[in-house]
>>> print(open('structure.txt').read())   # compact mmCIF, C-alpha atoms and all ligand atoms
# COMPACT_ATOMS: atom_id res chain seq x y z
CA MET Y 560 38.03 38.35 19.26
CA ARG Y 561 39.44 41.44 21.01
CA ASN Y 562 36.84 43.65 19.32
CA MET Y 563 33.95 41.39 20.00
CA SER Y 564 31.37 42.49 22.53
CA LEU Y 565 30.61 40.32 25.53
CA THR Y 566 27.08 39.83 24.25
CA ALA Y 567 28.37 38.49 20.94
CA ILE Y 568 30.67 36.06 22.74
CA ALA Y 569 27.81 34.98 24.99
CA VAL Y 570 25.66 34.35 21.93
CA ILE Y 571 28.35 32.23 20.25
CA VAL Y 572 29.02 30.21 23.40
CA GLY Y 573 25.28 29.80 23.92
CA VAL Y 574 24.83 28.55 20.41
CA SER Y 575 27.59 25.98 20.71
CA PHE Y 576 26.23 24.73 24.05
CA ALA Y 577 22.83 24.42 22.49
CA THR Y 578 24.33 22.47 19.60
CA ALA Y 579 26.22 20.19 21.94
CA ALA Y 580 23.07 19.53 23.94
CA LYS Y 581 20.93 18.95 20.85
CA ALA Y 582 19.46 15.48 20.90
CA GLU Y 583 20.73 12.93 18.38
CA PRO Y 584 17.84 11.82 16.16
CA GLN Y 585 16.56 8.34 17.04
CA VAL Y 586 13.75 6.32 15.54
CA GLU Y 587 12.37 2.89 16.10
CA VAL Y 588 10.32 2.01 13.04
CA LEU Y 589 7.78 -0.80 13.01
CA HIS Y 590 6.88 -2.07 9.53
CA TRP Y 591 6.34 -5.25 7.51
CA TRP Y 592 8.60 -4.70 4.55
CA THR Y 593 10.51 -7.96 4.57
CA SER Y 594 10.21 -9.37 1.03
CA GLY Y 595 13.14 -8.88 -1.36
CA GLY Y 596 11.71 -5.77 -3.04
CA GLU Y 597 10.29 -4.32 0.17
CA ALA Y 598 13.58 -4.73 2.04
CA ARG Y 599 15.49 -2.96 -0.75
CA ALA Y 600 13.04 -0.08 -0.58
CA ILE Y 601 13.11 0.50 3.17
CA GLN Y 602 16.89 0.30 3.12
CA VAL Y 603 16.87 3.55 1.12
CA LEU Y 604 15.22 5.29 4.06
CA VAL Y 605 17.46 3.61 6.62
CA ASP Y 606 20.56 4.73 4.69
CA ASP Y 607 19.31 8.30 4.31
CA PHE Y 608 18.47 8.46 8.02
CA LYS Y 609 21.87 7.19 9.07
CA ALA Y 610 23.65 9.48 6.61
CA ALA Y 611 21.89 12.42 8.26
CA GLY Y 612 23.33 11.38 11.63
CA GLY Y 613 20.35 9.45 12.98
CA THR Y 614 20.14 6.11 14.74
CA TRP Y 615 17.59 3.73 13.23
CA THR Y 616 16.22 0.79 15.16
CA ASP Y 617 14.48 -1.54 12.77
CA MET Y 618 11.40 -3.48 13.93
CA PRO Y 619 10.24 -5.59 10.98
CA VAL Y 620 7.29 -7.91 11.57
CA ALA Y 621 6.95 -10.21 8.57
CA GLY Y 622 3.57 -10.80 6.95
CA GLY Y 623 2.33 -9.29 3.69
CA GLY Y 624 -0.41 -6.69 4.00
CA GLY Y 625 0.68 -5.96 7.57
CA ASP Y 626 -1.83 -7.91 9.70
CA ALA Y 627 0.91 -9.30 11.96
CA ALA Y 628 2.64 -5.92 12.21
CA ARG Y 629 -0.62 -4.26 13.24
CA THR Y 630 -1.12 -6.87 15.97
CA ALA Y 631 2.41 -6.17 17.20
CA LEU Y 632 1.69 -2.45 17.14
CA LYS Y 633 -1.42 -2.86 19.29
CA ALA Y 634 0.52 -4.81 21.88
CA ARG Y 635 3.25 -2.14 21.96
CA VAL Y 636 0.80 0.73 22.36
CA LEU Y 637 -1.24 -1.10 25.03
CA SER Y 638 1.90 -1.72 27.05
CA GLY Y 639 2.70 2.00 26.91
CA ASN Y 640 5.73 1.53 24.70
CA PRO Y 641 4.80 2.67 21.18
CA PRO Y 642 7.38 2.75 18.37
CA THR Y 643 8.41 6.17 17.09
CA ALA Y 644 6.82 5.51 13.73
CA PHE Y 645 4.62 2.85 12.14
CA GLN Y 646 3.86 2.12 8.49
CA MET Y 647 0.18 3.02 8.65
CA LYS Y 648 -2.54 3.82 6.15
CA GLY Y 649 -5.89 5.46 5.53
CA PRO Y 650 -8.55 5.96 8.18
CA SER Y 651 -6.62 3.96 10.76
CA ILE Y 652 -4.32 6.99 11.02
CA GLN Y 653 -7.23 9.01 12.32
CA GLU Y 654 -8.44 6.07 14.43
CA TRP Y 655 -5.10 5.94 16.24
CA TYR Y 656 -5.14 9.71 16.62
CA GLU Y 657 -8.58 9.55 18.22
CA GLU Y 658 -7.11 7.04 20.68
CA GLY Y 659 -4.64 9.75 21.66
CA ALA Y 660 -1.68 7.76 20.34
CA LEU Y 661 -0.36 9.97 17.53
CA SER Y 662 1.52 13.25 17.47
CA THR Y 663 1.15 16.15 15.05
CA GLY Y 664 4.65 17.42 15.80
CA ILE Y 665 5.79 16.96 12.19
CA ASP Y 666 3.29 19.57 11.03
CA ALA Y 667 6.00 22.23 11.44
CA ILE Y 668 8.23 20.31 8.99
CA ALA Y 669 5.28 19.91 6.63
CA LYS Y 670 4.78 23.68 6.66
CA GLU Y 671 8.48 24.32 6.16
CA GLN Y 672 8.59 21.95 3.15
CA ASN Y 673 5.15 23.05 1.95
CA TRP Y 674 3.69 19.56 1.73
CA ASP Y 675 0.25 20.95 0.84
CA ALA Y 676 1.68 22.22 -2.44
CA VAL Y 677 3.49 19.04 -3.47
CA LEU Y 678 0.99 16.34 -2.45
CA PRO Y 679 -2.33 15.65 -4.17
CA ALA Y 680 -5.10 16.91 -1.85
CA GLN Y 681 -6.64 13.43 -1.53
CA ILE Y 682 -3.33 12.03 -0.25
CA ALA Y 683 -2.64 15.00 2.03
CA ASP Y 684 -6.05 14.53 3.66
CA HIS Y 685 -5.21 10.96 4.60
CA MET Y 686 -2.08 12.21 6.36
CA LYS Y 687 -3.77 14.78 8.57
CA CYS Y 688 -5.15 14.58 12.07
CA GLU Y 689 -7.49 17.47 12.85
CA GLY Y 690 -5.97 19.47 10.01
CA LYS Y 691 -2.33 18.85 10.98
CA TYR Y 692 0.08 16.34 9.50
CA CYS Y 693 0.57 13.29 11.70
CA ALA Y 694 1.92 10.97 8.96
CA ALA Y 695 4.31 11.30 6.03
CA PRO Y 696 3.50 9.54 2.72
CA VAL Y 697 6.18 7.65 0.80
CA ASN Y 698 4.26 6.53 -2.28
CA VAL Y 699 1.15 5.59 -4.20
CA HIS Y 700 0.65 1.90 -4.86
CA ARG Y 701 -1.90 0.78 -7.43
CA ILE Y 702 -3.79 -2.40 -6.57
CA ASP Y 703 -5.72 -3.37 -9.70
CA TRP Y 704 -2.92 -4.94 -11.74
CA PHE Y 705 -2.34 -8.11 -13.68
CA TRP Y 706 1.28 -9.34 -13.64
CA ALA Y 707 1.95 -11.90 -16.32
CA ASN Y 708 4.66 -14.05 -17.81
CA PRO Y 709 4.90 -13.19 -21.56
CA ALA Y 710 6.52 -16.49 -22.54
CA VAL Y 711 3.72 -18.45 -20.87
CA LEU Y 712 1.04 -16.31 -22.52
CA ALA Y 713 2.72 -16.76 -25.90
CA LYS Y 714 2.93 -20.53 -25.43
CA ALA Y 715 -0.84 -20.65 -24.89
CA GLY Y 716 -1.50 -18.07 -27.60
CA VAL Y 717 -3.35 -15.76 -25.23
CA ALA Y 718 -3.14 -11.98 -24.93
CA MET Y 719 -3.39 -9.74 -21.90
CA PRO Y 720 -7.14 -9.70 -21.13
CA THR Y 721 -9.14 -6.49 -21.00
CA THR Y 722 -12.39 -8.03 -19.71
CA TRP Y 723 -13.05 -10.71 -17.11
CA ASP Y 724 -14.63 -12.89 -19.81
CA GLN Y 725 -11.39 -12.68 -21.79
CA PHE Y 726 -9.47 -13.55 -18.66
CA ASN Y 727 -11.66 -16.62 -18.10
CA ALA Y 728 -11.22 -17.74 -21.70
CA ALA Y 729 -7.44 -17.34 -21.45
CA ALA Y 730 -7.38 -19.16 -18.12
CA ASP Y 731 -9.40 -22.07 -19.52
CA LYS Y 732 -6.91 -22.39 -22.36
CA LEU Y 733 -3.92 -22.26 -20.03
CA GLN Y 734 -5.47 -24.78 -17.69
CA ALA Y 735 -6.18 -27.18 -20.57
CA MET Y 736 -2.44 -27.05 -21.31
CA GLY Y 737 -1.60 -27.92 -17.72
CA ILE Y 738 -0.48 -24.39 -16.79
CA THR Y 739 -1.69 -22.75 -13.57
CA PRO Y 740 -3.59 -19.67 -14.78
CA LEU Y 741 -3.51 -17.70 -11.54
CA ALA Y 742 -0.71 -17.54 -8.96
CA HIS Y 743 -2.40 -16.79 -5.68
CA GLY Y 744 -1.61 -16.95 -2.02
CA GLY Y 745 -4.59 -18.00 0.09
CA GLN Y 746 -4.25 -15.44 2.85
CA SER Y 747 -7.30 -13.35 3.61
CA TRP Y 748 -5.69 -10.02 2.63
CA GLN Y 749 -4.70 -11.49 -0.74
CA ASP Y 750 -8.24 -12.80 -1.29
CA ALA Y 751 -9.50 -9.27 -0.52
CA THR Y 752 -6.94 -7.74 -2.89
CA VAL Y 753 -8.19 -9.87 -5.78
CA PHE Y 754 -11.81 -9.33 -4.78
CA GLU Y 755 -11.63 -5.54 -4.88
CA ALA Y 756 -10.03 -5.61 -8.34
CA VAL Y 757 -12.81 -7.91 -9.54
CA ALA Y 758 -15.48 -5.69 -7.94
CA LEU Y 759 -14.06 -2.62 -9.66
CA GLY Y 760 -14.06 -4.33 -13.05
CA ILE Y 761 -17.44 -6.00 -12.82
CA GLY Y 762 -19.35 -3.28 -11.01
CA GLY Y 763 -17.55 -0.17 -12.27
CA ASN Y 764 -16.42 2.93 -10.41
CA ASP Y 765 -19.79 4.03 -9.01
CA PHE Y 766 -20.59 0.56 -7.75
CA TYR Y 767 -17.18 0.31 -6.08
CA ARG Y 768 -17.66 3.68 -4.41
CA LYS Y 769 -21.16 2.85 -3.23
CA ALA Y 770 -20.15 -0.52 -1.82
CA PHE Y 771 -16.73 0.18 -0.32
CA VAL Y 772 -16.68 3.89 0.41
CA ASP Y 773 -20.34 4.66 1.20
CA LEU Y 774 -21.03 1.16 2.58
CA ASP Y 775 -24.37 1.20 0.81
CA MET Y 776 -26.29 -1.92 1.80
CA ASP Y 777 -27.98 -2.33 -1.58
CA ALA Y 778 -24.63 -2.32 -3.34
CA LEU Y 779 -23.04 -4.63 -0.76
CA GLY Y 780 -25.80 -7.23 -0.90
CA GLY Y 781 -27.25 -6.72 -4.39
CA ALA Y 782 -27.21 -8.39 -7.79
CA THR Y 783 -23.92 -6.84 -8.93
CA MET Y 784 -22.16 -8.18 -5.84
CA VAL Y 785 -23.53 -11.62 -6.69
CA LYS Y 786 -21.78 -11.35 -10.08
CA VAL Y 787 -18.56 -10.31 -8.36
CA PHE Y 788 -18.69 -13.45 -6.23
CA ASP Y 789 -19.43 -15.53 -9.35
CA GLN Y 790 -16.14 -14.28 -10.82
CA MET Y 791 -14.35 -15.02 -7.54
CA ARG Y 792 -15.66 -18.60 -7.78
CA LYS Y 793 -14.22 -18.81 -11.29
CA LEU Y 794 -10.85 -17.57 -10.04
CA ARG Y 795 -10.88 -20.15 -7.27
CA GLY Y 796 -10.90 -22.75 -10.02
CA TYR Y 797 -7.79 -21.24 -11.63
CA VAL Y 798 -5.40 -21.45 -8.68
CA ASP Y 799 -3.10 -24.40 -7.99
CA PRO Y 800 -3.84 -26.92 -5.20
CA ASN Y 801 -1.11 -25.50 -2.94
CA PHE Y 802 -2.37 -21.93 -2.87
CA SER Y 803 -3.48 -21.94 0.75
CA GLY Y 804 -1.34 -19.77 3.05
CA ARG Y 805 1.23 -18.97 0.36
CA ASP Y 806 3.01 -15.61 0.73
CA TRP Y 807 2.32 -13.08 -2.03
CA ASN Y 808 5.96 -12.84 -3.09
CA LEU Y 809 6.08 -16.60 -3.65
CA ALA Y 810 3.06 -16.22 -5.91
CA THR Y 811 4.97 -13.49 -7.78
CA ALA Y 812 7.90 -15.90 -8.10
CA MET Y 813 5.57 -18.43 -9.75
CA VAL Y 814 4.83 -15.92 -12.50
CA MET Y 815 8.51 -14.99 -12.74
CA ASN Y 816 9.55 -18.62 -13.13
CA GLY Y 817 6.81 -19.50 -15.59
CA GLU Y 818 5.00 -21.81 -13.15
CA ALA Y 819 1.87 -19.67 -13.50
CA ALA Y 820 0.60 -17.18 -16.05
CA PHE Y 821 -0.94 -14.34 -14.02
CA GLN Y 822 -1.00 -12.77 -10.59
CA ILE Y 823 -3.47 -10.11 -9.45
CA MET Y 824 -1.61 -7.97 -6.95
CA GLY Y 825 -0.64 -4.40 -6.08
CA ASP Y 826 2.54 -3.05 -7.63
CA TRP Y 827 4.75 -4.06 -4.72
CA ALA Y 828 4.83 -7.22 -6.90
CA LYS Y 829 6.86 -5.15 -9.34
CA GLY Y 830 9.38 -4.57 -6.54
CA GLU Y 831 10.01 -8.34 -6.59
CA PHE Y 832 10.56 -8.39 -10.36
CA THR Y 833 12.88 -5.38 -10.04
CA ALA Y 834 14.85 -6.96 -7.19
CA ALA Y 835 15.34 -10.03 -9.41
CA GLY Y 836 16.66 -7.84 -12.24
CA LYS Y 837 13.62 -8.44 -14.46
CA VAL Y 838 12.52 -5.94 -17.08
CA PRO Y 839 8.86 -5.07 -17.81
CA GLY Y 840 7.75 -5.71 -21.37
CA LYS Y 841 10.44 -8.37 -21.73
CA ASP Y 842 10.52 -10.64 -18.69
CA TYR Y 843 7.08 -9.77 -17.36
CA LEU Y 844 4.01 -7.77 -18.30
CA CYS Y 845 1.89 -5.37 -16.30
CA ALA Y 846 -1.61 -4.22 -17.20
CA PRO Y 847 -4.53 -2.86 -15.22
CA THR Y 848 -7.24 -5.40 -14.47
CA PRO Y 849 -10.52 -4.73 -16.36
CA GLY Y 850 -12.33 -1.48 -15.65
CA SER Y 851 -11.70 2.23 -15.90
CA GLY Y 852 -10.90 2.96 -12.26
CA TYR Y 853 -7.71 3.08 -10.22
CA LEU Y 854 -7.47 1.58 -6.74
CA TYR Y 855 -4.89 3.44 -4.70
CA ASN Y 856 -3.03 2.60 -1.54
CA VAL Y 857 -0.69 5.10 0.07
CA ASP Y 858 2.06 3.88 2.39
CA SER Y 859 3.00 6.35 5.06
CA PHE Y 860 4.72 6.59 8.39
CA ALA Y 861 2.51 7.77 11.23
CA MET Y 862 4.26 9.40 14.17
CA PHE Y 863 3.46 8.22 17.68
CA ASP Y 864 3.27 10.47 20.69
CA VAL Y 865 6.62 9.56 22.20
CA LYS Y 866 8.68 11.23 24.89
CA GLY Y 867 12.28 12.35 24.54
CA ASP Y 868 13.97 14.99 22.41
CA ASP Y 869 15.99 12.37 20.56
CA LYS Y 870 12.81 10.64 19.36
CA VAL Y 871 10.98 13.85 18.51
CA THR Y 872 14.03 15.06 16.58
CA GLY Y 873 14.09 11.63 14.93
CA GLN Y 874 10.46 11.98 13.81
CA ASN Y 875 11.15 15.39 12.34
CA LEU Y 876 14.18 14.12 10.47
CA LEU Y 877 12.25 11.09 9.21
CA ALA Y 878 9.40 13.28 7.95
CA LYS Y 879 11.82 15.62 6.23
CA LEU Y 880 13.71 12.81 4.50
CA ILE Y 881 10.50 11.06 3.39
CA LEU Y 882 9.29 14.11 1.49
CA ASP Y 883 12.67 14.71 -0.10
CA LYS Y 884 12.35 14.56 -3.89
CA LYS Y 885 15.33 12.31 -4.44
CA PHE Y 886 14.20 9.90 -1.73
CA GLN Y 887 10.73 9.70 -3.31
CA LYS Y 888 12.37 8.72 -6.58
CA VAL Y 889 14.91 6.18 -5.35
CA PHE Y 890 12.56 4.56 -2.85
CA ASN Y 891 9.76 4.13 -5.37
CA LEU Y 892 12.05 2.77 -8.08
CA ALA Y 893 12.70 -0.10 -5.66
CA LYS Y 894 9.21 -0.40 -4.16
CA GLY Y 895 7.26 -0.67 -7.43
CA SER Y 896 5.02 2.27 -6.56
CA ILE Y 897 5.08 5.89 -7.76
CA PRO Y 898 6.05 8.95 -5.71
CA ALA Y 899 3.43 10.62 -3.52
CA ARG Y 900 4.91 14.00 -4.50
CA ILE Y 901 3.50 15.26 -7.79
CA ASP Y 902 6.70 17.00 -8.88
CA VAL Y 903 9.09 14.06 -9.14
CA ASP Y 904 10.39 13.43 -12.66
CA LEU Y 905 9.40 9.94 -13.81
CA GLY Y 906 12.05 9.77 -16.52
CA GLU Y 907 13.91 6.94 -14.81
CA PHE Y 908 10.74 4.99 -14.06
CA ASP Y 909 9.55 2.07 -16.18
CA TYR Y 910 6.44 1.67 -18.30
CA CYS Y 911 4.31 0.27 -15.46
CA ALA Y 912 5.04 3.23 -13.18
CA ARG Y 913 4.37 5.75 -15.93
CA ARG Y 914 1.15 3.97 -16.80
CA SER Y 915 0.18 4.12 -13.14
CA ALA Y 916 0.84 7.87 -12.93
CA TYR Y 917 -1.03 8.50 -16.18
CA ASP Y 918 -4.05 6.42 -15.17
CA MET Y 919 -4.10 8.03 -11.74
CA ASN Y 920 -4.37 11.42 -13.36
CA VAL Y 921 -7.15 10.35 -15.67
CA ALA Y 922 -8.99 8.62 -12.83
CA SER Y 923 -8.76 11.64 -10.57
CA SER Y 924 -10.55 13.74 -13.16
CA ASN Y 925 -13.33 11.23 -13.92
CA GLY Y 926 -14.26 9.99 -10.45
CA GLY Y 927 -12.35 6.74 -10.83
CA LEU Y 928 -9.62 7.39 -8.25
CA LEU Y 929 -10.79 5.03 -5.53
CA PRO Y 930 -9.31 3.96 -2.21
CA SER Y 931 -8.39 0.31 -1.74
CA PHE Y 932 -10.47 -1.28 1.01
CA ALA Y 933 -8.22 -4.35 1.13
CA HIS Y 934 -5.28 -2.13 2.05
CA GLY Y 935 -6.95 0.00 4.65
CA MET Y 936 -7.64 3.12 2.61
CA ALA Y 937 -11.43 3.11 2.27
CA MET Y 938 -13.03 2.38 5.60
CA ARG Y 939 -12.39 1.67 9.21
CA ASN Y 940 -10.82 -1.58 10.32
CA ALA Y 941 -13.98 -3.15 11.69
CA GLN Y 942 -15.81 -2.90 8.36
CA ALA Y 943 -12.81 -3.91 6.26
CA GLY Y 944 -12.34 -6.94 8.51
CA ALA Y 945 -16.02 -7.89 8.21
CA ILE Y 946 -15.88 -7.79 4.40
CA THR Y 947 -12.58 -9.65 4.22
CA ASP Y 948 -13.92 -12.47 6.41
CA VAL Y 949 -16.84 -13.09 4.06
CA VAL Y 950 -14.63 -12.92 0.96
CA THR Y 951 -12.22 -15.48 2.40
CA ARG Y 952 -15.02 -17.73 3.62
CA HIS Y 953 -16.58 -17.72 0.15
CA PHE Y 954 -13.23 -18.40 -1.54
CA ASN Y 955 -12.55 -21.39 0.69
CA SER Y 956 -15.97 -23.03 0.76
CA ASP Y 957 -18.86 -23.76 -1.55
CA LEU Y 958 -20.92 -20.85 -0.27
CA SER Y 959 -23.15 -19.60 -3.09
CA SER Y 960 -22.62 -16.16 -4.56
CA ALA Y 961 -26.09 -15.07 -3.45
CA ASP Y 962 -25.45 -16.17 0.13
CA ALA Y 963 -22.04 -14.49 0.12
CA ALA Y 964 -23.50 -11.16 -1.02
CA ARG Y 965 -26.22 -11.37 1.63
CA LEU Y 966 -23.68 -12.23 4.34
CA LEU Y 967 -21.47 -9.38 3.17
CA ALA Y 968 -24.17 -6.79 3.72
CA GLU Y 969 -25.13 -8.34 7.05
CA ALA Y 970 -21.54 -8.44 8.28
CA VAL Y 971 -20.97 -4.80 7.45
CA GLN Y 972 -24.27 -3.80 9.04
CA ASN Y 973 -23.35 -5.64 12.23
CA SER Y 974 -19.90 -4.05 12.36
CA LEU Y 975 -21.16 -0.45 12.19
C1 LIG Y 1001 1.50 -2.31 1.52
C2 LIG Y 1001 2.71 -2.50 0.67
C3 LIG Y 1001 3.27 -3.89 0.93
C4 LIG Y 1001 2.20 -4.94 0.72
C5 LIG Y 1001 2.66 -6.35 0.90
C6 LIG Y 1001 0.51 -3.45 1.36
O1 LIG Y 1001 -0.56 -3.29 2.24
O2 LIG Y 1001 0.85 -1.11 1.19
O3 LIG Y 1001 3.67 -1.54 0.95
O4 LIG Y 1001 4.40 -4.10 0.10
O5 LIG Y 1001 1.15 -4.69 1.62
O6 LIG Y 1001 3.26 -6.55 2.12
>>> encode(input="structure.txt", output="structure tokens")
Amino acid sequence: MRNMSLTAIAVIVGVSFATAAKAEPQVEVLHWWTSGGEARAIQVLVDDFKAAGGTWTDMPVAGGGGDAARTALKARVLSGNPPTAFQMKGPSIQEWYEEGALSTGIDAIAKEQNWDAVLPAQIADHMKCEGKYCAAPVNVHRIDWFWANPAVLAKAGVAMPTTWDQFNAAADKLQAMGITPLAHGGQSWQDATVFEAVALGIGGNDFYRKAFVDLDMDALGGATMVKVFDQMRKLRGYVDPNFSGRDWNLATAMVMNGEAAFQIMGDWAKGEFTAAGKVPGKDYLCAPTPGSGYLYNVDSFAMFDVKGDDKVTGQNLLAKLILDKKFQKVFNLAKGSIPARIDVDLGEFDYCARRSAYDMNVASSNGGLLPSFAHGMAMRNAQAGAITDVVTRHFNSDLSSADAARLLAEAVQNSL
């Protein structure tokens, strides 16, 4: 100490004052991860955040697909009290940015951790606002999956279908035996989830892209869309009488318990099987729905423009933890999805996850890697809402396929 210069002492004292004054990281996170599997997954982030010295205020708003959470978010932002972070996806990230609600403060962390090098370009683009990161991605969910109960399939002597005709034949057989072929929850986002998987299989990758990415009116209202609605009508006949309003995880439980044979759902359904200790290939089966494409859905946390060093520090810490390799592994093992980072070893992941990663790779090289419209990745909210309304109306009425396709094109046109 005696030999130390006054400047050196001043520097040390300055540093410790700065440390003492440094804000404690705080976040208030609004999300809808409340099912068994979802809650296990978000807990990984909560634990990491707390272990790093942060304070986490949890704001869960129940409701699969996030409609209720998005309504809550709007109310919060309108009243001038946004959360620090929201589980947000796709073009709505840029929509909120255009409203002036999001911050690009985490871009510095993204540079430090070199996110551009570890995220696929297509995913990174979704996370950026005017070229800077405003959201941090946790995963890639695949939508176009069948989940099935192997014992039920064996009882009926049916195999995992690879075409929609095969599915219909299997479903007819199951139904004749008194087994519910399709576990479904009649909520509009679930109808849309099934619909986009059917559209991908029946129309193919180019059709899907034309209809749901380019919003091409001929594709939306044409003959192929009529066939898609015909298949939706078939599926309507394969659900049980109590499907209306059922939550998606209860539909998953029907497959788990052998009350139904199949569910068509994104791989958060696998999070439910995992949470229940079930093993793929033994207790349940996963297989892509017919087609050669891959419908992706990336969950991410978008950062709101909030005041206060504690919150800004909290956003930076959250962003840093989300892109951590170990977090991406542990979180996704619970969530049912695969890591957004391309360099995470999948050795501990199951067959379904490895299949997802493999198919994603193949699809990205053959034009089949397509954004899910039902989960907010393909288009703006107004158009996605317009399509979903028609899909749900068709599913719950006797509207003809031709009328539904015509209304679909009209609804999108009117929403532009
Ligand atoms: C989200 C998933 C979530 C699912 C059901 C999807 O839109 O991307 O993370 O588990 O909705 O709530």
>>> closest_residue(input="structure.txt", among="Y:Arg914, Y:His590, Y:Lys888, Y:Lys841", to="ligand LIG 1001 (chain Y)", atoms="all atoms listed in the file")
Y:His590
>>> closest_residue(input="structure.txt", among="Y:Ala695, Y:Val857, Y:Val865, Y:Ala680", to="Val636 (chain Y)", atoms="only C-alpha atoms")
Y:Val865
>>> closest_atom_pairs(input="structure.txt", of="chain Y", to="ligand LIG 1001 (chain Y)", cutoff="10 Å", atoms="only C-alpha atoms and all ligand atoms", output="CSV")
residue,atom,partner,partner_atom,distance
Y:His590,CA,Y:LIG1001,O3,9.2
Y:Trp591,CA,Y:LIG1001,O6,6.3
Y:Trp592,CA,Y:LIG1001,O4,6.1
Y:Thr593,CA,Y:LIG1001,O6,7.8
Y:Ser594,CA,Y:LIG1001,O6,7.6
Y:Gly596,CA,Y:LIG1001,O4,8.1
Y:Glu597,CA,Y:LIG1001,O4,5.9
Y:Ala598,CA,Y:LIG1001,O4,9.4
Y:Ala600,CA,Y:LIG1001,O4,9.6
Y:Ile601,CA,Y:LIG1001,O3,9.9
Y:Ala621,CA,Y:LIG1001,O6,8.3
Y:Gly622,CA,Y:LIG1001,O6,6.4
Y:Gly623,CA,Y:LIG1001,O6,3.3
Y:Gly624,CA,Y:LIG1001,O5,3.5
Y:Gly625,CA,Y:LIG1001,O6,6.1
Y:Asp626,CA,Y:LIG1001,O1,8.9
Y:Gln646,CA,Y:LIG1001,O3,8.4
Y:Met647,CA,Y:LIG1001,O2,8.6
Y:Lys648,CA,Y:LIG1001,O2,7.8
Y:Val697,CA,Y:LIG1001,O3,9.5
Y:Asn698,CA,Y:LIG1001,O3,8.7
Y:Val699,CA,Y:LIG1001,O2,8.6
Y:His700,CA,Y:LIG1001,O2,6.8
Y:Arg701,CA,Y:LIG1001,O2,9.2
Y:Ile702,CA,Y:LIG1001,C6,9.1
Y:Trp748,CA,Y:LIG1001,O1,8.5
Y:Gln749,CA,Y:LIG1001,C5,9.1
Y:Thr752,CA,Y:LIG1001,O1,9.3
Y:Asp806,CA,Y:LIG1001,O6,9.2
Y:Trp807,CA,Y:LIG1001,C5,7.3
Y:Asn808,CA,Y:LIG1001,C5,8.3
Y:Met824,CA,Y:LIG1001,C5,9.1
Y:Gly825,CA,Y:LIG1001,C4,7.4
Y:Asp826,CA,Y:LIG1001,O4,8.0
Y:Trp827,CA,Y:LIG1001,O4,4.8
Y:Ala828,CA,Y:LIG1001,O4,7.7
Y:Lys829,CA,Y:LIG1001,O4,9.8
Y:Gly830,CA,Y:LIG1001,O4,8.3
Y:Glu831,CA,Y:LIG1001,O4,9.7
Y:Tyr855,CA,Y:LIG1001,O2,9.4
Y:Asn856,CA,Y:LIG1001,O2,6.0
Y:Val857,CA,Y:LIG1001,O2,6.5
Y:Asp858,CA,Y:LIG1001,O2,5.3
Y:Ser859,CA,Y:LIG1001,O2,8.7
Y:Lys894,CA,Y:LIG1001,O4,7.4
Y:Gly895,CA,Y:LIG1001,O4,8.8
Y:Ser896,CA,Y:LIG1001,O3,8.5
Y:Ser931,CA,Y:LIG1001,O1,9.5
Y:Ala933,CA,Y:LIG1001,O1,7.8
Y:His934,CA,Y:LIG1001,O1,4.9
Y:Gly935,CA,Y:LIG1001,O1,7.6
Y:Met936,CA,Y:LIG1001,O1,9.6
>>> closest_residue(input="structure.txt", among="Y:Arg900, Y:Lys581, Y:Lys687, Y:His743", to="Phe705 (chain Y)", atoms="all atoms listed in the file")
Y:His743
>>> residues_around(input="structure.txt", residues="Asn801 (chain Y)", least_positions_apart="6", cutoff="12 Å", atoms="all atoms listed in the file", output="mmCIF file with C-alpha atoms, in the coordinates of the input")
data_model
loop_
_atom_site.group_PDB
_atom_site.id
_atom_site.type_symbol
_atom_site.label_atom_id
_atom_site.label_comp_id
_atom_site.auth_asym_id
_atom_site.auth_seq_id
_atom_site.Cartn_x
_atom_site.Cartn_y
_atom_site.Cartn_z
ATOM 1 C CA THR Y 739 -1.690 -22.750 -13.570
ATOM 2 C CA LEU Y 741 -3.510 -17.700 -11.540
ATOM 3 C CA ALA Y 742 -0.710 -17.540 -8.960
ATOM 4 C CA HIS Y 743 -2.400 -16.790 -5.680
ATOM 5 C CA GLY Y 744 -1.610 -16.950 -2.020
ATOM 6 C CA GLY Y 745 -4.590 -18.000 0.090
ATOM 7 C CA ARG Y 795 -10.880 -20.150 -7.270
ATOM 8 C CA LEU Y 809 6.080 -16.600 -3.650
ATOM 9 C CA ALA Y 810 3.060 -16.220 -5.910
ATOM 10 C CA MET Y 813 5.570 -18.430 -9.750
#
>>> atom_distance(input="structure.txt", atom1="CA of Ala812 (chain Y)", atom2="CA of Ala707 (chain Y)")
10.9 Å
>>> residues_near_point(input="structure.txt", point="(-6.9, 9.2, 17.9)", cutoff="12 Å", atoms="all atoms listed in the file", output="list in words")
Pro650, Ser651, Ile652, Gln653, Glu654, Trp655, Tyr656, Glu657, Glu658, Gly659, Ala660, Leu661, Ser662, Thr663, Lys687, Cys688, Glu689, Cys693, Ala861, Met862, Phe863 and Asp864 of chain Y
>>> closest_residue(input="structure.txt", among="Y:Met686, Y:Ala878, Y:Val586, Y:Ala820", to="Ala667 (chain Y)", atoms="all atoms listed in the file")
Y:Ala878
>>> residues_around(input="structure.txt", residues="Trp706 (chain Y)", least_positions_apart="5", cutoff="8 Å", atoms="all atoms listed in the file", output="list in words")
Val814, Phe821, Gln822, Ile823, Met824, Ala828, Tyr843, Leu844, Cys845 and Ala846 of chain Y
>>> residues_around(input="structure.txt", residues="Glu755 (chain Y)", least_positions_apart="5", cutoff="9 Å", atoms="only C-alpha atoms", output="count of residues only")
10
